[in-house]
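*Asks:* Structure below; questions to follow.
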Amino acid sequence: MSEKPVSLSATARRLLVFARAHWRMAAVQFVLAIIGTSLIIVFPGVVQWFVDDIIPNKDIPGIWRAGGLAVGAFFLREFLFYVRTRLNSNFEQRMIFDLRGQLHRKIARLPLSWFDRQSTGDILTRMADDVPATQRVILEGIEQGVTSILQILLSAVVMFYTNSTFALIVMIPTPFIAAGGWLFARWIAPRARLAREASSHMNSMLHDTVTGIRQIKSYTAEDTKQEDFNQASHGLRRAQQKLMTAWAVYSPLMGFFGSFGLVLLLGVGAYGAIQGNITTGELFKFIFLLGFFFEPIARLHGVNQTIVTGLASAERVFKILDQAGEENLEEGRPLLKPQGAIEFRQVGFGYQADKPVVHELDLIVKPRQTVAIVGATGSGKSTLFQLLTRFYDPQSGSITLDGASITEYNRVSLRDAIAYVTQDAFLFAGTIRDNLRLGKHDANDEEMWKALNLACAEDFVRRNPGGLDAQVGERGVMLSGGERQRIAMARAFLKDAPILLLDEATSAVDTKSEQLIQQALETLRQDRTCLVIAHRLSTVVSADVIYVMRQGQVLAHGSHEELIASCAYYRELASLALL
Ligand SMILES: Nc1ncnc2c1ncn2[C@@H]1O[C@H](COP(=O)(O)OP(=O)(O)OP(=O)(O)O)[C@@H](O)[C@H]1O
């Protein structure tokens, strides 16, 4: 999905704000980096000492003193590097942890309308790839960027201090290198974004293949899917190649400018030494200093690439964090002891504002009534449940619960008051126990078995050697459709909410399973307000009131007998057993 790019510097500023939470650690890193980097100036000084002093004066003890100083400085530098690396990994993992947590928190609170437009693969890519890439911006920025810049500044200062004319001459290539770095960042930024999007697109395809594997096999669509995947993979290859082409031009060009500086130093230095403007020791010192000056510049080119591609990732992470979500699920008053009186009044809603799915809809449910909703597929039945749970809000009209608009209650207590068994009876990968816990997180085994018993699911769970700890597989694939339904019902039993929303499965289950599900439903609806989207005549007949829906509106309502007598459309549905 293509998104409007934001400026790199704006993203970088936000990232720094984000890193502020760990500013103490960053500050310690920074100080250690300064000390470690400062130590590099020891060795060029020692070289000059050897060439200009120790050797001409045949100062043998001086060899030990100078050598000892150099070894001490090197040791301290590498030791500080060790400490920094340890700190860095701590800093890195905390940052990733924070960012991942924030992203997950946000995703779990985004409205369903956002998910309608987003592919799962894209969301996964943002979490798995973009978060680590984002954090590398800060880490490499501090570890490599800051130490490199410090080293450049320090070498420059010592060079100027040693011989300012020489320092100026050998730094001639520097502005070209700086300009090259800036141009490179601008050049690859859009390419980096494209690469991230291509990667995300490819992951989405892979995700679809895995989730739709049964359809692919039954339609023998392996080759077609392979072609689609290859195309997406090809897109990613092209995007990555473009990035590498830019890098292939930039990196050696900048390397050449650096080497040119060294040759310049040798030429100008040799001339200066002949003229007596510089000592041989100073020249040697300069050669080392210039090495220390250009080496971090080369490192910065790599950092530049990491930062620009990382900022493209950060942009994608921030795009999610910036979405308006159901931030405060606790906002609004709590719903205390709900009675379950529900009223839809002139409700109008469309998933896209210009395409109404439900209009001028009135529906009344009295406390502890069972209301069945019937209608052809696509008539808007499930949409009513999504509105009642506030997954979406209607564009017009109102929905009340116990006389007050559902928007007045906080979402947590509203959703706590409702047990919603969806048509697909979704189960999470894990055990039966894990899935039941969703209904009541602290349920003990006894409560779970009781719920399974009420949902007519106890037998098959007991037969399974794993019992409550049996794995259900991804989305519950290791269970049959009827078994999934009953586990989902047991989950609803455990939740023990005063309002039950049941979207009856349309898929046919065998007669025995249907009986068991029916029996479970009978028990579940006792003493509760219950809304059932019914696809079976047996469910409809036992309901207190039946609402017949057609094209987003209520066509009629009443008991089974009343509707058979008065509503031709209902008679038709009933005769076709399409309920
Ligand atoms: N997330 C969505 N985004 C856009 N349109 C949607 C979305 N969900 C449902 N629709 C559309 O809204 C209409 C009503 O869908 P709904 O699921 O409420 O029908 P239903 O009566 O429950 O159907 P079924 O009996 O097949 O489950 C359909 O035309 C459907 O295409």
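By convention in this document, the chains of the structure tokens carry letters A, B, ... by their order, each chain's residues are numbered from 1, and ligands are numbered from 1 in the order they are shown.
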Please identify the residues whose atoms come within 6 Å of ligand 1, using only C-alpha atoms and all ligand atoms, and report them as a ChimeraX atom specification.

*Replies:* /A:116,351,357,377-383

*Asks:* Export N, CA, C and O atoms of the chosen residues as a compact mmCIF listing (two decimals), in the first residue's frame?

*Replies:*
# COMPACT_ATOMS: atom_id res chain seq x y z
N ASP A 116 -9.84 -3.34 7.76
CA ASP A 116 -10.51 -3.62 6.48
C ASP A 116 -9.63 -3.20 5.30
O ASP A 116 -9.72 -3.75 4.21
N TYR A 351 -20.04 0.55 5.61
CA TYR A 351 -18.60 0.42 5.89
C TYR A 351 -17.84 1.53 5.18
O TYR A 351 -16.85 2.04 5.66
N VAL A 357 -25.20 0.01 4.20
CA VAL A 357 -25.45 -1.43 4.30
C VAL A 357 -26.71 -1.66 5.14
O VAL A 357 -27.47 -2.58 4.90
N THR A 377 -28.26 -13.84 2.62
CA THR A 377 -26.87 -13.50 2.85
C THR A 377 -26.57 -12.08 2.33
O THR A 377 -27.10 -11.67 1.30
N GLY A 378 -25.81 -11.35 3.11
CA GLY A 378 -25.47 -9.98 2.72
C GLY A 378 -26.53 -8.96 3.08
O GLY A 378 -26.43 -7.78 2.72
N SER A 379 -27.58 -9.37 3.81
CA SER A 379 -28.65 -8.43 4.12
C SER A 379 -28.30 -7.51 5.29
O SER A 379 -29.07 -6.61 5.62
N GLY A 380 -27.17 -7.76 5.94
CA GLY A 380 -26.71 -6.84 7.00
C GLY A 380 -26.87 -7.37 8.41
O GLY A 380 -26.76 -6.61 9.37
N LYS A 381 -27.08 -8.68 8.54
CA LYS A 381 -27.33 -9.24 9.87
C LYS A 381 -26.11 -9.12 10.79
O LYS A 381 -26.20 -8.60 11.91
N SER A 382 -24.95 -9.60 10.30
CA SER A 382 -23.73 -9.54 11.14
C SER A 382 -23.36 -8.10 11.44
O SER A 382 -22.81 -7.81 12.50
N THR A 383 -23.68 -7.22 10.52
CA THR A 383 -23.35 -5.80 10.72
C THR A 383 -24.01 -5.28 12.01
O THR A 383 -23.41 -4.49 12.73

*Asks:* Do a neighbour search on Arg411 (chain A) at 9 Å with only C-alpha atoms, toss out local chain neighbours closer than 6 positions, and write the hits as a PyMOL selection string.

*Replies:* chain A and resi 326+328-332+334+389-390

*Asks:* Which is closest to Lys450 (chain A) among A:Ala490, A:Met478, A:Ile320, A:Ala574, if we use only C-alpha atoms?

*Replies:*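 Closest candidate: A:Ala490.
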
*Asks:* Near Leu262 (chain A), counting only C-alpha atoms, which residues have an atom at most 9 Å away, once you skip same-chain residues fewer than 3 positions from it, shown as a PyMOL selection string?

*Replies:* chain A and resi 170+258-259+265-267+287+290-291+294

*Asks:* Find the spatial neighbours of Ala492 (chain A), counting only C-alpha atoms, within a cut-off of 12 Å - ignore same-chain residues fewer than 5 positions away - and output them as a PyMOL selection string.

*Replies:* chain A and resi 416-422+425+435-440+448+451-452+454-455+485-487+497-502+520-521+523-525+528

*Asks:* For the residues in the current selection, export N, CA and C atoms as a short mmCIF file (atom, residue, chain, number, x, y, z; two decimals), in the first residue's frame.

*Replies:*
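The result, written out as again-v6.cif:
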data_model
loop_
_atom_site.label_atom_id
_atom_site.label_comp_id
_atom_site.auth_asym_id
_atom_site.auth_seq_id
_atom_site.Cartn_x
_atom_site.Cartn_y
_atom_site.Cartn_z
N ASP A 416 -17.57 -6.26 27.87
CA ASP A 416 -17.60 -7.28 28.92
C ASP A 416 -19.01 -7.83 29.11
N ALA A 417 -20.00 -7.00 28.79
CA ALA A 417 -21.38 -7.42 29.00
C ALA A 417 -21.89 -8.30 27.86
N ILE A 418 -21.06 -8.45 26.83
CA ILE A 418 -21.51 -9.19 25.64
C ILE A 418 -20.60 -10.39 25.37
N ALA A 419 -21.20 -11.55 25.17
CA ALA A 419 -20.43 -12.70 24.68
C ALA A 419 -20.81 -12.85 23.21
N TYR A 420 -19.82 -12.78 22.34
CA TYR A 420 -20.08 -12.79 20.90
C TYR A 420 -19.46 -14.05 20.29
N VAL A 421 -20.31 -14.96 19.84
CA VAL A 421 -19.79 -16.16 19.18
C VAL A 421 -19.93 -15.93 17.68
N THR A 422 -18.77 -15.74 17.04
CA THR A 422 -18.82 -15.39 15.62
C THR A 422 -19.06 -16.63 14.76
N ALA A 425 -16.30 -19.04 14.39
CA ALA A 425 -15.83 -19.63 15.67
C ALA A 425 -14.31 -19.68 15.71
N ASN A 435 -7.61 -21.22 24.71
CA ASN A 435 -8.77 -20.62 24.06
C ASN A 435 -9.91 -20.36 25.02
N LEU A 436 -10.07 -21.27 25.97
CA LEU A 436 -11.15 -21.07 26.94
C LEU A 436 -10.84 -19.89 27.84
N ARG A 437 -9.55 -19.69 28.12
CA ARG A 437 -9.15 -18.61 29.03
C ARG A 437 -9.54 -17.24 28.51
N LEU A 438 -9.74 -17.15 27.21
CA LEU A 438 -10.16 -15.88 26.64
C LEU A 438 -11.51 -15.46 27.23
N GLY A 439 -12.33 -16.46 27.56
CA GLY A 439 -13.64 -16.18 28.16
C GLY A 439 -13.50 -15.76 29.61
N LYS A 440 -12.57 -16.38 30.33
CA LYS A 440 -12.34 -16.02 31.73
C LYS A 440 -10.87 -16.34 32.01
N MET A 448 -13.70 -24.92 33.57
CA MET A 448 -13.57 -25.19 32.13
C MET A 448 -14.35 -26.43 31.74
N ALA A 451 -18.00 -25.69 31.67
CA ALA A 451 -18.38 -24.93 30.47
C ALA A 451 -18.40 -25.85 29.25
N LEU A 452 -17.42 -26.74 29.17
CA LEU A 452 -17.37 -27.66 28.04
C LEU A 452 -18.58 -28.59 28.07
N LEU A 454 -21.54 -27.91 29.37
CA LEU A 454 -22.74 -27.15 28.96
C LEU A 454 -22.77 -26.93 27.45
N ALA A 455 -21.57 -26.82 26.88
CA ALA A 455 -21.49 -26.58 25.43
C ALA A 455 -21.48 -27.89 24.65
N GLN A 485 -17.18 -24.77 16.91
CA GLN A 485 -18.37 -24.04 17.35
C GLN A 485 -18.63 -24.26 18.83
N ARG A 486 -18.49 -25.52 19.25
CA ARG A 486 -18.82 -25.83 20.64
C ARG A 486 -17.76 -25.31 21.60
N ILE A 487 -16.50 -25.31 21.17
CA ILE A 487 -15.45 -24.71 22.03
C ILE A 487 -15.72 -23.21 22.15
N ALA A 497 -21.62 -13.66 30.21
CA ALA A 497 -22.07 -12.27 30.02
C ALA A 497 -23.59 -12.23 29.92
N PRO A 498 -24.22 -11.12 30.32
CA PRO A 498 -25.68 -11.06 30.29
C PRO A 498 -26.28 -10.96 28.89
N ILE A 499 -25.45 -10.59 27.91
CA ILE A 499 -25.97 -10.51 26.54
C ILE A 499 -25.17 -11.47 25.66
N LEU A 500 -25.89 -12.27 24.89
CA LEU A 500 -25.21 -13.23 24.02
C LEU A 500 -25.52 -12.89 22.56
N LEU A 501 -24.47 -12.77 21.76
CA LEU A 501 -24.65 -12.59 20.32
C LEU A 501 -24.11 -13.85 19.66
N LEU A 502 -24.96 -14.51 18.94
CA LEU A 502 -24.51 -15.75 18.30
C LEU A 502 -24.76 -15.68 16.81
N ALA A 520 -26.60 -26.91 23.24
CA ALA A 520 -25.71 -25.95 23.91
C ALA A 520 -26.31 -24.57 23.88
N LEU A 521 -26.87 -24.22 22.74
CA LEU A 521 -27.48 -22.89 22.59
C LEU A 521 -28.65 -22.70 23.55
N THR A 523 -29.09 -24.05 26.41
CA THR A 523 -28.58 -23.81 27.77
C THR A 523 -27.99 -22.41 27.86
N LEU A 524 -27.25 -22.03 26.84
CA LEU A 524 -26.53 -20.75 26.86
C LEU A 524 -27.48 -19.56 26.95
N ARG A 525 -28.63 -19.67 26.30
CA ARG A 525 -29.50 -18.50 26.24
C ARG A 525 -30.38 -18.31 27.48
N ARG A 528 -30.48 -14.98 29.73
CA ARG A 528 -29.68 -13.96 29.06
C ARG A 528 -30.51 -13.31 27.97
#

*Asks:* Could you jot down the CA of Ala429 (chain A) to CA of Ala488 (chain A) separation for me, Å, one decimal place?

*Replies:*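 Computed distance, CA of Ala429 (chain A) to CA of Ala488 (chain A), equals 13.5 Å.
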
*Asks:* So that I can see what lies close to Ser396 (chain A), please list as a PyMOL selection string the residues with an atom at most 9 Å from it, counting only C-alpha atoms and leaving out residues fewer than 5 positions away in the same chain.

*Replies:* chain A and resi 346-349+359-360

*Asks:* As a PyMOL selection string, please: every residue in region 445-546 of chain A that DSSP puts in strand (DSSP E or B).

*Replies:* chain A and resi 471+499-503+529-533+545-546

*Asks:* Could you give me, as an mmCIF file with C-alpha atoms, in the first residue's frame, the residues within 9 Å of Asp527 (chain A), counting only C-alpha atoms and dropping anything in the same chain fewer than 4 positions from it?

*Replies:*
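Result file follows (around.cif):
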data_model
loop_
_atom_site.group_PDB
_atom_site.id
_atom_site.type_symbol
_atom_site.label_atom_id
_atom_site.label_comp_id
_atom_site.auth_asym_id
_atom_site.auth_seq_id
_atom_site.Cartn_x
_atom_site.Cartn_y
_atom_site.Cartn_z
ATOM 1 C CA PRO A 367 -34.273 -8.250 28.679
ATOM 2 C CA ARG A 368 -33.803 -12.037 28.617
ATOM 3 C CA GLN A 369 -35.581 -12.386 25.293
ATOM 4 C CA PRO A 498 -25.685 -11.058 30.291
#

*Asks:* Using only C-alpha atoms, what does the table of region 167-198 of chain A residues within 12 Å of region 281-286 of chain A look like, with each row giving the shortest atom pair and its distance in Å to one decimal, sorted by chain and ascending number, as a tab-separated table?

*Replies:*
residue	atom	partner	partner_atom	distance
A:Ala167	CA	A:Phe286	CA	8.5
A:Ile169	CA	A:Phe286	CA	11.8
A:Val170	CA	A:Phe286	CA	9.5
A:Met171	CA	A:Phe286	CA	11.7

*Asks:* Could you name the residues that touch region 536-547 of chain A at 6 Å or less, counting only C-alpha atoms, but leaving out those on the same chain fewer than 4 positions away, as a JSON list (two decimals) with N, CA, C and O atoms, in the first residue's frame?

*Replies:*
[["chain", "number", "residue", "atom", "x", "y", "z"],
["A", 370, "THR", "N", -35.04, -13.98, 23.56],
["A", 370, "THR", "CA", -34.19, -14.46, 22.47],
["A", 370, "THR", "C", -34.78, -13.96, 21.17],
["A", 370, "THR", "O", -35.95, -14.21, 20.87],
["A", 371, "VAL", "N", -33.96, -13.20, 20.46],
["A", 371, "VAL", "CA", -34.42, -12.65, 19.19],
["A", 371, "VAL", "C", -33.61, -13.30, 18.07],
["A", 371, "VAL", "O", -32.37, -13.32, 18.12],
["A", 372, "ALA", "N", -34.30, -13.85, 17.10],
["A", 372, "ALA", "CA", -33.60, -14.43, 15.95],
["A", 372, "ALA", "C", -33.64, -13.44, 14.80],
["A", 372, "ALA", "O", -34.66, -12.76, 14.59],
["A", 373, "ILE", "N", -32.55, -13.32, 14.10],
["A", 373, "ILE", "CA", -32.51, -12.43, 12.93],
["A", 373, "ILE", "C", -32.29, -13.31, 11.72],
["A", 373, "ILE", "O", -31.36, -14.13, 11.69],
["A", 557, "HIS", "N", -41.40, -8.34, 11.67],
["A", 557, "HIS", "CA", -40.98, -9.08, 12.84],
["A", 557, "HIS", "C", -42.20, -9.67, 13.54],
["A", 557, "HIS", "O", -43.32, -9.20, 13.38],
["A", 558, "GLY", "N", -41.97, -10.71, 14.32],
["A", 558, "GLY", "CA", -43.08, -11.39, 15.00],
["A", 558, "GLY", "C", -42.66, -12.81, 15.33],
["A", 558, "GLY", "O", -41.48, -13.17, 15.19],
["A", 559, "SER", "N", -43.64, -13.63, 15.73],
["A", 559, "SER", "CA", -43.30, -15.02, 16.03],
["A", 559, "SER", "C", -43.30, -15.81, 14.72],
["A", 559, "SER", "O", -43.74, -15.32, 13.68],
["A", 560, "HIS", "N", -42.84, -17.04, 14.81],
["A", 560, "HIS", "CA", -42.76, -17.88, 13.61],
["A", 560, "HIS", "C", -44.14, -18.00, 12.95],
["A", 560, "HIS", "O", -44.29, -17.78, 11.75],
["A", 579, "LEU", "N", -32.71, -20.46, 6.37],
["A", 579, "LEU", "CA", -32.62, -19.54, 7.49],
["A", 579, "LEU", "C", -31.31, -19.65, 8.22],
["A", 579, "LEU", "O", -30.69, -20.67, 8.22]]

*Asks:* Record the distance separating CA of Phe79 (chain A) and CA of Gly141 (chain A), expressed in Å with one decimal.

*Replies:*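 CA of Gly141 (chain A) lies 21.0 Å from CA of Phe79 (chain A).
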